[in-house]
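input-v7.cif, holding mmCIF, C-alpha atoms and all ligand atoms:
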data_input
loop_
_atom_site.label_atom_id
_atom_site.label_comp_id
_atom_site.auth_asym_id
_atom_site.auth_seq_id
_atom_site.Cartn_x
_atom_site.Cartn_y
_atom_site.Cartn_z
CA MET A 25 -29.63 -9.83 11.54
CA ALA A 26 -31.94 -10.97 14.36
CA SER A 27 -34.59 -8.54 15.43
CA VAL A 28 -35.41 -7.72 19.02
CA SER A 29 -37.78 -10.47 20.12
CA LEU A 30 -41.38 -9.34 20.38
CA GLY A 31 -41.25 -10.06 24.10
CA VAL A 32 -38.26 -7.77 24.61
CA ALA A 33 -39.69 -5.00 22.41
CA SER A 34 -43.04 -5.09 24.19
CA LYS A 35 -41.44 -5.09 27.65
CA LEU A 36 -39.45 -2.01 26.65
CA SER A 37 -42.20 -0.18 24.74
CA ASP A 38 -43.43 1.54 27.91
CA LEU A 39 -40.05 3.29 28.23
CA ASN A 40 -40.58 5.31 25.04
CA GLY A 41 -40.48 9.01 26.00
CA ARG A 42 -39.87 8.33 29.70
CA ASP A 43 -37.19 9.72 32.03
CA PHE A 44 -34.63 7.51 33.78
CA LEU A 45 -33.84 9.28 37.04
CA SER A 46 -33.63 6.45 39.56
CA SER A 47 -32.97 2.72 39.59
CA ALA A 48 -36.47 2.46 41.05
CA ASP A 49 -37.95 3.72 37.74
CA LEU A 50 -37.67 0.29 36.08
CA SER A 51 -39.40 -3.03 36.74
CA SER A 52 -37.44 -6.24 36.86
CA ASP A 53 -38.93 -7.29 33.48
CA GLN A 54 -37.74 -4.02 31.95
CA VAL A 55 -34.22 -4.36 33.38
CA LEU A 56 -33.93 -7.94 32.14
CA ALA A 57 -35.24 -6.91 28.71
CA LEU A 58 -32.62 -4.12 28.60
CA PHE A 59 -29.97 -6.74 29.41
CA GLU A 60 -31.21 -8.94 26.55
CA LEU A 61 -31.14 -6.03 24.12
CA ALA A 62 -27.71 -4.92 25.40
CA ASN A 63 -26.44 -8.44 24.81
CA GLN A 64 -27.75 -8.44 21.22
CA LEU A 65 -26.16 -5.06 20.58
CA LYS A 66 -22.88 -6.15 22.17
CA ASN A 67 -22.69 -9.27 20.04
CA GLY A 68 -23.56 -7.51 16.80
CA LYS A 69 -26.85 -9.42 16.50
CA ARG A 70 -28.90 -6.29 16.44
CA ARG A 71 -28.48 -2.86 14.87
CA ILE A 72 -30.73 0.05 15.76
CA ASP A 73 -30.84 3.32 13.83
CA LEU A 74 -32.03 6.36 15.73
CA GLY A 75 -31.52 8.54 12.66
CA ASN A 76 -30.83 12.16 13.33
CA ARG A 77 -31.67 12.18 17.04
CA VAL A 78 -29.54 14.28 19.40
CA LEU A 79 -28.67 13.66 23.05
CA GLY A 80 -27.61 16.74 25.01
CA LEU A 81 -24.94 16.17 27.67
CA ILE A 82 -25.00 18.50 30.70
CA PHE A 83 -22.13 17.46 32.98
CA THR A 84 -21.29 19.70 35.93
CA LYS A 85 -18.85 17.09 37.29
CA ALA A 86 -15.93 15.28 35.66
CA SER A 87 -16.55 12.02 33.79
CA THR A 88 -14.72 9.58 31.56
CA ARG A 89 -16.89 6.44 31.35
CA THR A 90 -20.35 8.01 31.46
CA ARG A 91 -19.64 10.82 29.03
CA VAL A 92 -17.74 8.69 26.49
CA SER A 93 -20.12 5.72 26.71
CA PHE A 94 -23.10 8.01 26.01
CA GLN A 95 -21.25 9.63 23.11
CA VAL A 96 -20.22 6.30 21.60
CA ALA A 97 -23.65 4.73 22.27
CA MET A 98 -25.34 7.52 20.29
CA ALA A 99 -22.77 7.24 17.49
CA ARG A 100 -23.38 3.49 17.26
CA LEU A 101 -27.12 4.19 17.05
CA GLY A 102 -26.47 6.48 14.09
CA ALA A 103 -27.31 9.49 16.24
CA GLN A 104 -25.41 12.37 17.81
CA THR A 105 -24.58 14.17 21.04
CA VAL A 106 -24.04 17.84 21.83
CA ASP A 107 -21.86 18.76 24.76
CA LEU A 108 -23.66 21.48 26.73
CA ASN A 109 -20.72 22.30 28.97
CA PRO A 110 -22.25 24.40 31.79
CA GLN A 111 -19.11 26.56 31.86
CA LEU A 112 -19.62 27.53 28.22
CA SER A 113 -23.39 27.95 28.33
CA GLN A 114 -25.61 30.41 30.19
CA LEU A 115 -26.16 27.73 32.85
CA GLY A 116 -22.77 28.65 34.30
CA ARG A 117 -24.00 32.26 34.57
CA GLY A 118 -27.12 31.29 36.46
CA GLU A 119 -29.83 30.85 33.80
CA PRO A 120 -32.62 29.01 35.64
CA ILE A 121 -33.09 25.29 35.04
CA LYS A 122 -36.74 25.80 34.14
CA ASP A 123 -35.78 28.07 31.23
CA THR A 124 -32.80 25.99 30.11
CA ALA A 125 -34.82 22.76 30.17
CA ARG A 126 -37.61 24.20 28.04
CA VAL A 127 -35.22 25.67 25.48
CA LEU A 128 -33.09 22.51 25.20
CA SER A 129 -36.25 20.44 24.77
CA ARG A 130 -36.78 22.31 21.50
CA TYR A 131 -33.32 21.41 20.17
CA CYS A 132 -32.52 17.99 21.60
CA ASP A 133 -34.34 14.64 21.77
CA ALA A 134 -33.04 13.64 25.23
CA LEU A 135 -30.74 14.99 27.94
CA ALA A 136 -28.16 13.12 30.03
CA ILE A 137 -27.40 15.12 33.16
CA ARG A 138 -24.60 14.75 35.72
CA THR A 139 -24.93 17.13 38.61
CA PHE A 140 -24.69 17.47 42.39
CA SER A 141 -28.23 17.92 43.66
CA HIS A 142 -30.80 15.26 42.78
CA ALA A 143 -33.47 17.96 43.19
CA ASP A 144 -31.91 19.85 40.25
CA LEU A 145 -32.20 16.72 38.11
CA ILE A 146 -35.87 16.38 39.05
CA GLN A 147 -36.37 20.04 38.13
CA TYR A 148 -34.86 19.41 34.67
CA ALA A 149 -37.17 16.43 34.25
CA ASN A 150 -40.22 18.44 35.32
CA TRP A 151 -39.52 21.26 32.87
CA SER A 152 -38.31 19.16 29.91
CA SER A 153 -40.62 17.68 27.33
CA ILE A 154 -37.96 15.12 26.31
CA PRO A 155 -36.50 12.14 28.25
CA VAL A 156 -34.03 13.09 30.98
CA ILE A 157 -31.41 10.53 32.06
CA ASN A 158 -29.56 10.59 35.38
CA ALA A 159 -25.86 10.42 34.53
CA LEU A 160 -25.04 10.65 38.31
CA THR A 161 -26.24 12.86 41.11
CA ASP A 162 -25.20 12.87 44.76
CA LEU A 163 -28.13 10.51 45.44
CA GLU A 164 -28.00 7.96 42.62
CA HIS A 165 -26.11 6.54 39.65
CA PRO A 166 -28.73 4.33 37.99
CA CYS A 167 -26.96 3.82 34.63
CA GLN A 168 -24.01 2.43 36.60
CA ALA A 169 -26.25 -0.07 38.43
CA LEU A 170 -27.57 -1.40 35.09
CA ALA A 171 -24.01 -2.12 33.94
CA ASP A 172 -23.16 -3.61 37.36
CA PHE A 173 -25.91 -6.22 37.28
CA LEU A 174 -25.46 -6.92 33.56
CA THR A 175 -21.81 -7.73 34.35
CA MET A 176 -22.80 -9.89 37.31
CA LYS A 177 -25.32 -11.77 35.13
CA GLU A 178 -22.75 -12.36 32.38
CA ALA A 179 -20.17 -13.61 34.87
CA LEU A 180 -22.43 -15.77 37.04
CA GLY A 181 -25.07 -16.91 34.53
CA SER A 182 -28.02 -15.88 36.67
CA ILE A 183 -28.40 -13.30 39.40
CA GLU A 184 -31.72 -13.95 41.13
CA GLY A 185 -31.00 -15.26 44.63
CA LYS A 186 -27.28 -14.43 44.36
CA THR A 187 -25.61 -12.12 46.87
CA ILE A 188 -23.50 -9.01 46.30
CA ALA A 189 -21.61 -7.29 49.14
CA TYR A 190 -20.98 -3.56 48.92
CA VAL A 191 -18.09 -2.55 51.16
CA GLY A 192 -17.50 1.17 51.64
CA ASP A 193 -19.22 4.53 51.48
CA GLY A 194 -23.03 4.54 51.41
CA ASN A 195 -23.03 6.86 48.40
CA ASN A 196 -24.85 7.33 45.08
CA VAL A 197 -23.40 4.10 43.66
CA ALA A 198 -24.42 2.10 46.76
CA ASN A 199 -27.94 3.58 46.65
CA SER A 200 -28.57 2.62 43.04
CA LEU A 201 -26.97 -0.80 43.54
CA MET A 202 -29.32 -1.47 46.45
CA LEU A 203 -32.45 -0.38 44.55
CA CYS A 204 -31.60 -2.25 41.36
CA GLY A 205 -30.57 -5.35 43.36
CA ALA A 206 -33.89 -5.29 45.22
CA ILE A 207 -35.80 -5.08 41.92
CA LEU A 208 -33.84 -8.01 40.46
CA GLY A 209 -34.11 -10.28 43.51
CA VAL A 210 -30.41 -10.04 44.34
CA ASN A 211 -29.44 -10.04 48.04
CA VAL A 212 -27.40 -6.96 48.92
CA HIS A 213 -25.05 -6.96 51.92
CA LEU A 214 -23.74 -3.56 52.99
CA SER A 215 -20.88 -2.66 55.24
CA SER A 216 -19.98 0.99 55.88
CA PRO A 217 -18.32 2.72 58.83
CA LYS A 218 -20.72 4.33 61.30
CA GLY A 219 -22.01 7.61 59.92
CA PHE A 220 -21.35 6.63 56.29
CA GLU A 221 -24.29 4.26 55.75
CA PRO A 222 -26.56 4.68 52.68
CA SER A 223 -29.60 6.99 52.89
CA SER A 224 -32.31 5.57 55.17
CA GLU A 225 -34.96 6.66 52.67
CA ILE A 226 -33.32 4.59 49.94
CA ILE A 227 -32.99 1.62 52.28
CA LYS A 228 -36.75 1.78 52.97
CA LYS A 229 -37.49 2.07 49.26
CA ALA A 230 -35.25 -0.91 48.49
CA ALA A 231 -36.95 -3.00 51.17
CA LEU A 232 -40.34 -2.19 49.60
CA LEU A 233 -39.10 -3.02 46.10
CA SER A 234 -37.61 -6.35 47.13
CA SER A 235 -41.07 -7.47 48.34
CA ASN A 236 -39.44 -10.28 50.33
CA SER A 237 -37.77 -11.77 47.24
CA SER A 238 -34.31 -10.66 48.37
CA GLU A 239 -32.61 -9.31 51.47
CA ILE A 240 -30.89 -6.01 52.16
CA LYS A 241 -28.64 -6.63 55.18
CA PHE A 242 -26.19 -4.52 57.15
CA PHE A 243 -22.99 -5.78 58.73
CA ASN A 244 -20.66 -4.04 61.11
CA SER A 245 -17.58 -5.57 59.63
CA PRO A 246 -16.63 -6.05 55.96
CA GLU A 247 -15.48 -9.58 56.88
CA GLU A 248 -19.01 -10.59 57.91
CA ALA A 249 -20.56 -8.84 54.90
CA VAL A 250 -18.51 -10.72 52.30
CA LYS A 251 -18.81 -14.20 53.79
CA ASP A 252 -19.76 -16.64 50.98
CA VAL A 253 -21.02 -13.87 48.67
CA ASN A 254 -20.95 -14.12 44.87
CA ALA A 255 -19.75 -10.58 44.19
CA ILE A 256 -17.89 -7.86 46.09
CA TYR A 257 -18.29 -4.20 45.11
CA THR A 258 -16.64 -1.03 46.28
CA ASP A 259 -16.34 2.64 45.31
CA VAL A 260 -14.21 5.59 46.40
CA TRP A 261 -14.40 6.81 50.01
CA ALA A 262 -14.67 10.48 48.98
CA SER A 263 -16.97 11.17 46.04
CA MET A 264 -16.84 14.19 43.76
CA GLY A 265 -17.66 17.24 45.86
CA GLN A 266 -16.25 15.65 49.05
CA GLU A 267 -12.59 16.29 48.28
CA ASN A 268 -12.12 18.38 51.45
CA GLU A 269 -13.24 15.39 53.60
CA LYS A 270 -10.60 13.12 52.09
CA LEU A 271 -8.31 12.86 55.10
CA GLU A 272 -11.08 12.48 57.66
CA ARG A 273 -12.70 9.78 55.52
CA LYS A 274 -9.43 7.91 55.04
CA LYS A 275 -9.29 7.50 58.80
CA ALA A 276 -12.95 6.52 59.17
CA PHE A 277 -12.70 3.87 56.43
CA GLU A 278 -9.66 2.10 57.86
CA GLY A 279 -10.24 -1.66 57.54
CA PHE A 280 -12.66 -1.24 54.62
CA CYS A 281 -10.17 -1.93 51.81
CA VAL A 282 -11.26 -4.69 49.41
CA ASN A 283 -8.20 -6.93 49.25
CA SER A 284 -7.22 -10.60 48.89
CA LYS A 285 -7.97 -11.28 52.57
CA LEU A 286 -11.59 -10.25 52.05
CA LEU A 287 -11.84 -12.18 48.80
CA ASP A 288 -10.73 -15.36 50.59
CA LEU A 289 -13.87 -15.19 52.76
CA ALA A 290 -16.27 -15.03 49.81
CA ASP A 291 -17.54 -17.79 47.52
CA GLU A 292 -14.68 -19.45 45.64
CA ASN A 293 -16.06 -18.08 42.32
CA VAL A 294 -16.55 -14.55 43.65
CA ILE A 295 -16.22 -11.65 41.22
CA VAL A 296 -14.98 -8.16 42.08
CA LEU A 297 -16.65 -5.00 40.81
CA HIS A 298 -15.81 -1.29 41.04
CA CYS A 299 -17.53 1.52 39.10
CA LEU A 300 -14.17 3.34 38.59
CA PRO A 301 -12.33 5.62 38.89
CA ALA A 302 -10.55 3.77 41.73
CA HIS A 303 -8.09 4.94 44.32
CA ARG A 304 -5.76 1.95 44.37
CA GLY A 305 -4.53 1.20 47.87
CA GLU A 306 -7.53 2.93 49.51
CA GLU A 307 -10.92 1.29 48.92
CA ILE A 308 -9.37 -1.50 46.82
CA SER A 309 -5.88 -2.93 46.58
CA ASP A 310 -3.95 -2.76 43.36
CA GLU A 311 -3.68 -6.57 43.17
CA THR A 312 -7.46 -6.96 43.58
CA ILE A 313 -8.20 -4.72 40.60
CA GLU A 314 -5.84 -6.86 38.54
CA CYS A 315 -6.77 -10.30 39.93
CA THR A 316 -8.59 -13.01 37.94
CA ALA A 317 -11.79 -12.43 39.92
CA SER A 318 -11.95 -8.82 38.77
CA ARG A 319 -14.64 -8.01 36.17
CA ILE A 320 -14.05 -4.28 36.55
CA PHE A 321 -13.14 -3.56 32.93
CA ASP A 322 -16.02 -5.70 31.58
CA GLN A 323 -18.22 -3.65 33.88
CA ALA A 324 -16.88 -0.39 32.40
CA GLU A 325 -17.46 -1.76 28.87
CA ASN A 326 -21.03 -2.72 29.72
CA ARG A 327 -21.88 0.93 30.42
CA LEU A 328 -21.79 1.35 26.63
CA HIS A 329 -23.99 -1.61 25.74
CA VAL A 330 -26.65 -1.13 28.36
CA GLN A 331 -26.89 2.63 27.75
CA GLN A 332 -27.28 1.93 24.04
CA ALA A 333 -30.23 -0.33 24.90
CA LEU A 334 -31.62 2.32 27.26
CA LEU A 335 -31.31 5.16 24.71
CA ALA A 336 -32.94 3.04 21.99
CA SER A 337 -35.85 2.36 24.37
CA LEU A 338 -36.32 5.92 25.69
CA LEU A 339 -36.07 7.34 22.17
CA GLY A 340 -38.57 4.87 20.70
CA GLY A 341 -36.10 3.10 18.43
CA LEU A 342 -37.35 -0.49 18.86
N1 LIG A 401 -18.24 5.10 36.73
C1 LIG A 401 -18.40 6.34 36.23
O1 LIG A 401 -19.50 6.91 36.21
O2 LIG A 401 -17.25 6.87 35.75
P1 LIG A 401 -17.05 8.36 35.23
O3 LIG A 401 -17.08 9.26 36.43
O4 LIG A 401 -15.71 8.34 34.55
O5 LIG A 401 -18.17 8.68 34.29
N1 LIG A 402 -19.29 7.88 44.09
C1 LIG A 402 -18.49 8.42 43.02
C2 LIG A 402 -18.82 7.71 41.74
C3 LIG A 402 -18.04 8.16 40.55
C4 LIG A 402 -18.42 7.43 39.32
C5 LIG A 402 -18.73 9.92 42.91
O1 LIG A 402 -19.88 10.35 43.00
O2 LIG A 402 -17.75 10.65 42.74
#
Output the file's structure as structure tokens, nothing else.
Ligand code: CP
Ligand code: NVA
Amino acid sequence: MASVSLGVASKLSDLNGRDFLSSADLSSDQVLALFELANQLKNGKRRIDLGNRVLGLIFTKASTRTRVSFQVAMARLGAQTVDLNPQLSQLGRGEPIKDTARVLSRYCDALAIRTFSHADLIQYANWSSIPVINALTDLEHPCQALADFLTMKEALGSIEGKTIAYVGDGNNVANSLMLCGAILGVNVHLSSPKGFEPSSEIIKKAALLSSNSSEIKFFNSPEEAVKDVNAIYTDVWASMGQENEKLERKKAFEGFCVNSKLLDLADENVIVLHCLPAHRGEEISDETIECTASRIFDQAENRLHVQQALLASLLGGL
């Protein structure tokens, strides 16, 4: 069995013991090294044993992909997870994060946290003595962005200088996509209805990270945004926690559905991505999810491989 090349191991050695809270936490060398390790793990060319390590899962929002891919990733690394369901723990009864984080740091080796407020995630990280991983907050979804660009790289061969268009809500997924794209030298086109653009702070951060190697550009219409691009990405119009805005958003996002008409304007080898879960017929048409350009299920699979590489790195398993 091949070992992780010295280059990959040394590029990832700095991650040992670190948190992963934002897409901006990694350098382009580290992301590419994670992709190489994920590829080795995916193809059975590398096996990593994390022994008896334990990842605690604190999910205050629903999840299929993130939860299960973390659970399976730890199992494949010979390690374990404990589900710290906030409803069944004292967290649900208001135990402060600073107490919970310090106690859990004495039982677990890392925490994956899905919650609403990004500030709460930062508080966990500040009070924990073990790595904390962002499993989605209202601001970012950095593990998703790793799988997104790994999928794009697999499908297109290389990603530097390529262009991805994000059509839809300027949400957590869009924010992490923009930051990770900027780090990797991928051009990111964005098209959102007025009032639903990504956070201006994140846009500034992405522009700094891209250091002129790639462009972050805004377009009024989805048609302009997707012209000749290599990948088209979308996500739901109403994220978790915004259920009561569903109707209002449906109106505002009229014309922002990723469908075959939009695909026709892109590069002839365009691929389609969606983080899932999808609302078929809203942000993406049913036929687009199922079309030959769709890499959506490869993308979901890659959550597992890239998170396995990430966990191995944060937990010092290389
Ligand atoms: N894409 C994603 O994070 O899916 P889940 O909400 O199912 O985890
Ligand atoms: N933007 C969505 C992503 C779900 C994976 C949400 O936050 O609900």
Neighbours of Cys132 of chain A within 10 Å (only C-alpha atoms; same-chain residues fewer than 6 positions away dropped), as an MDAnalysis selection string?
chainID A and resid 77:81 104:106 153:155
So which residues touch segment 34-46 of chain A within 7 Å, counting only C-alpha atoms, skipping near sequence neighbours fewer than 6 positions away, as a PyMOL selection string?
chain A and resi 53-54+57+154-158+164+166+337-340
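Considering the residues A:Ala171, A:Cys299, A:Leu289, A:Leu115 and counting all atoms listed in the file, Gln332 of chain A has its shortest atom-to-atom contact with A:Ala171.
Ranking A:His329, A:His298, A:His142, A:Lys218 by their shortest atom-to-atom distance to ligand LIG 401 (chain A), with all atoms listed in the file included, puts A:His298 first.
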How far is it from atom C1 of ligand LIG 402 (chain A) to atom CA of Ser52 of chain A, in Å with one decimal?
24.7 Å
Surroundings of ligand LIG 401 (chain A) up to 10 Å, based on all atoms listed in the file, as number ranges by chain:
A: 83, 85-94, 138, 159-160, 165-169, 171, 197, 259, 263-264, 298-302, 323-324, 327
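If you look at atom CA of Val330 of chain A and atom CA of Gln111 of chain A, they are 28.9 Å away from each other.
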Around all the atoms of ligand LIG 402 (chain A) listed in the file, with 5 Å of room on each side, what axis-aligned box do you get, giving centre and edge lengths in Å to one decimal, as AutoDock Vina command-line options?
--center_x -18.8 --center_y 9.0 --center_z 41.7 --size_x 12.1 --size_y 13.2 --size_z 14.8
Have a look at A:Gly192, A:Gly209, A:Ser318, A:Gly219 and name the one nearest to Gly279 of chain A; count all atoms listed in the file.
A:Gly192
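The spacing separating atom CA of Tyr190 of chain A from atom CA of His213 of chain A amounts to 6.1 Å.
Using only C-alpha atoms, the smallest distance between any of A:Lys186, A:Arg126, A:Lys177, A:Lys251 and Lys285 of chain A comes from A:Lys251.
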Nearest to ligand LIG 402 (chain A), chosen from A:Ser216, A:Asn244, A:Thr84, A:Gln266, with all atoms listed in the file counted in the distances:
A:Gln266
For each of A:Ala336, A:Leu201, A:Leu286, A:Ile188, take the minimum atom-to-atom distance to Glu248 of chain A, counting all atoms listed in the file, then give the residue where this is smallest.
A:Leu286
Spatial neighbours of Thr312 of chain A, max dist 8 Å, all atoms listed in the file, sep filter under 2 positions, as a ChimeraX atom specification
/A:282-284,296,308-310,314-315,317-318
List as a short mmCIF file (atom, residue, chain, number, x, y, z; two decimals) with C-alpha atoms, keeping the file's coordinate frame the protein and nucleic acid residues near Gly194 of chain A, meaning an atom at most 7 Å away when all atoms listed in the file are counted, but skip any in the same chain fewer than 2 places from it.
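The resulting file, part.cif, is shown below:
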data_model
loop_
_atom_site.label_atom_id
_atom_site.label_comp_id
_atom_site.auth_asym_id
_atom_site.auth_seq_id
_atom_site.Cartn_x
_atom_site.Cartn_y
_atom_site.Cartn_z
CA GLY A 192 -17.50 1.17 51.64
CA ALA A 198 -24.42 2.10 46.76
CA ASN A 199 -27.94 3.58 46.65
CA SER A 216 -19.98 0.99 55.88
CA PHE A 220 -21.35 6.63 56.29
CA GLU A 221 -24.29 4.26 55.75
CA PRO A 222 -26.56 4.68 52.68
#
As a PyMOL selection string, please: the residues near Phe59 of chain A (cut-off 8 Å, all atoms listed in the file, same-chain neighbours under 3 positions excluded).
chain A and resi 55-56+62-63+174+330+333
Any chance you could turn segment 41-57 of chain A into a file with N, CA and C atoms, as a compact mmCIF listing (two decimals), in the first residue's frame?
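As written to disk, result.txt reads:
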# COMPACT_ATOMS: atom_id res chain seq x y z
N GLY A 41 -3.87 19.19 15.14
CA GLY A 41 -4.33 19.90 16.34
C GLY A 41 -5.07 21.20 16.05
N ARG A 42 -5.18 21.56 14.77
CA ARG A 42 -5.83 22.84 14.44
C ARG A 42 -7.35 22.71 14.32
N ASP A 43 -8.03 23.85 14.36
CA ASP A 43 -9.47 23.91 14.07
C ASP A 43 -9.67 24.07 12.57
N PHE A 44 -10.86 23.75 12.09
CA PHE A 44 -11.24 24.07 10.71
C PHE A 44 -12.61 24.74 10.78
N LEU A 45 -12.58 26.07 10.84
CA LEU A 45 -13.81 26.84 11.06
C LEU A 45 -14.29 27.55 9.80
N SER A 46 -13.31 27.86 8.92
CA SER A 46 -13.63 28.65 7.72
C SER A 46 -12.80 28.13 6.56
N SER A 47 -13.33 28.30 5.35
CA SER A 47 -12.55 27.94 4.16
C SER A 47 -11.25 28.73 4.11
N ALA A 48 -11.25 29.90 4.75
CA ALA A 48 -10.05 30.75 4.72
C ALA A 48 -8.94 30.21 5.63
N ASP A 49 -9.23 29.13 6.39
CA ASP A 49 -8.22 28.60 7.32
C ASP A 49 -7.13 27.80 6.62
N LEU A 50 -7.34 27.45 5.34
CA LEU A 50 -6.36 26.59 4.65
C LEU A 50 -5.68 27.35 3.53
N SER A 51 -4.42 26.98 3.27
CA SER A 51 -3.71 27.55 2.11
C SER A 51 -4.03 26.68 0.90
N SER A 52 -3.68 27.18 -0.27
CA SER A 52 -3.97 26.40 -1.47
C SER A 52 -3.15 25.11 -1.47
N ASP A 53 -1.91 25.15 -0.99
CA ASP A 53 -1.09 23.92 -0.90
C ASP A 53 -1.75 22.89 0.01
N GLN A 54 -2.32 23.37 1.11
CA GLN A 54 -2.97 22.43 2.04
C GLN A 54 -4.24 21.82 1.43
N VAL A 55 -5.02 22.65 0.72
CA VAL A 55 -6.24 22.11 0.10
C VAL A 55 -5.87 21.07 -0.95
N LEU A 56 -4.86 21.39 -1.76
CA LEU A 56 -4.48 20.45 -2.83
C LEU A 56 -3.89 19.17 -2.23
N ALA A 57 -3.19 19.30 -1.12
CA ALA A 57 -2.65 18.10 -0.45
C ALA A 57 -3.79 17.26 0.13
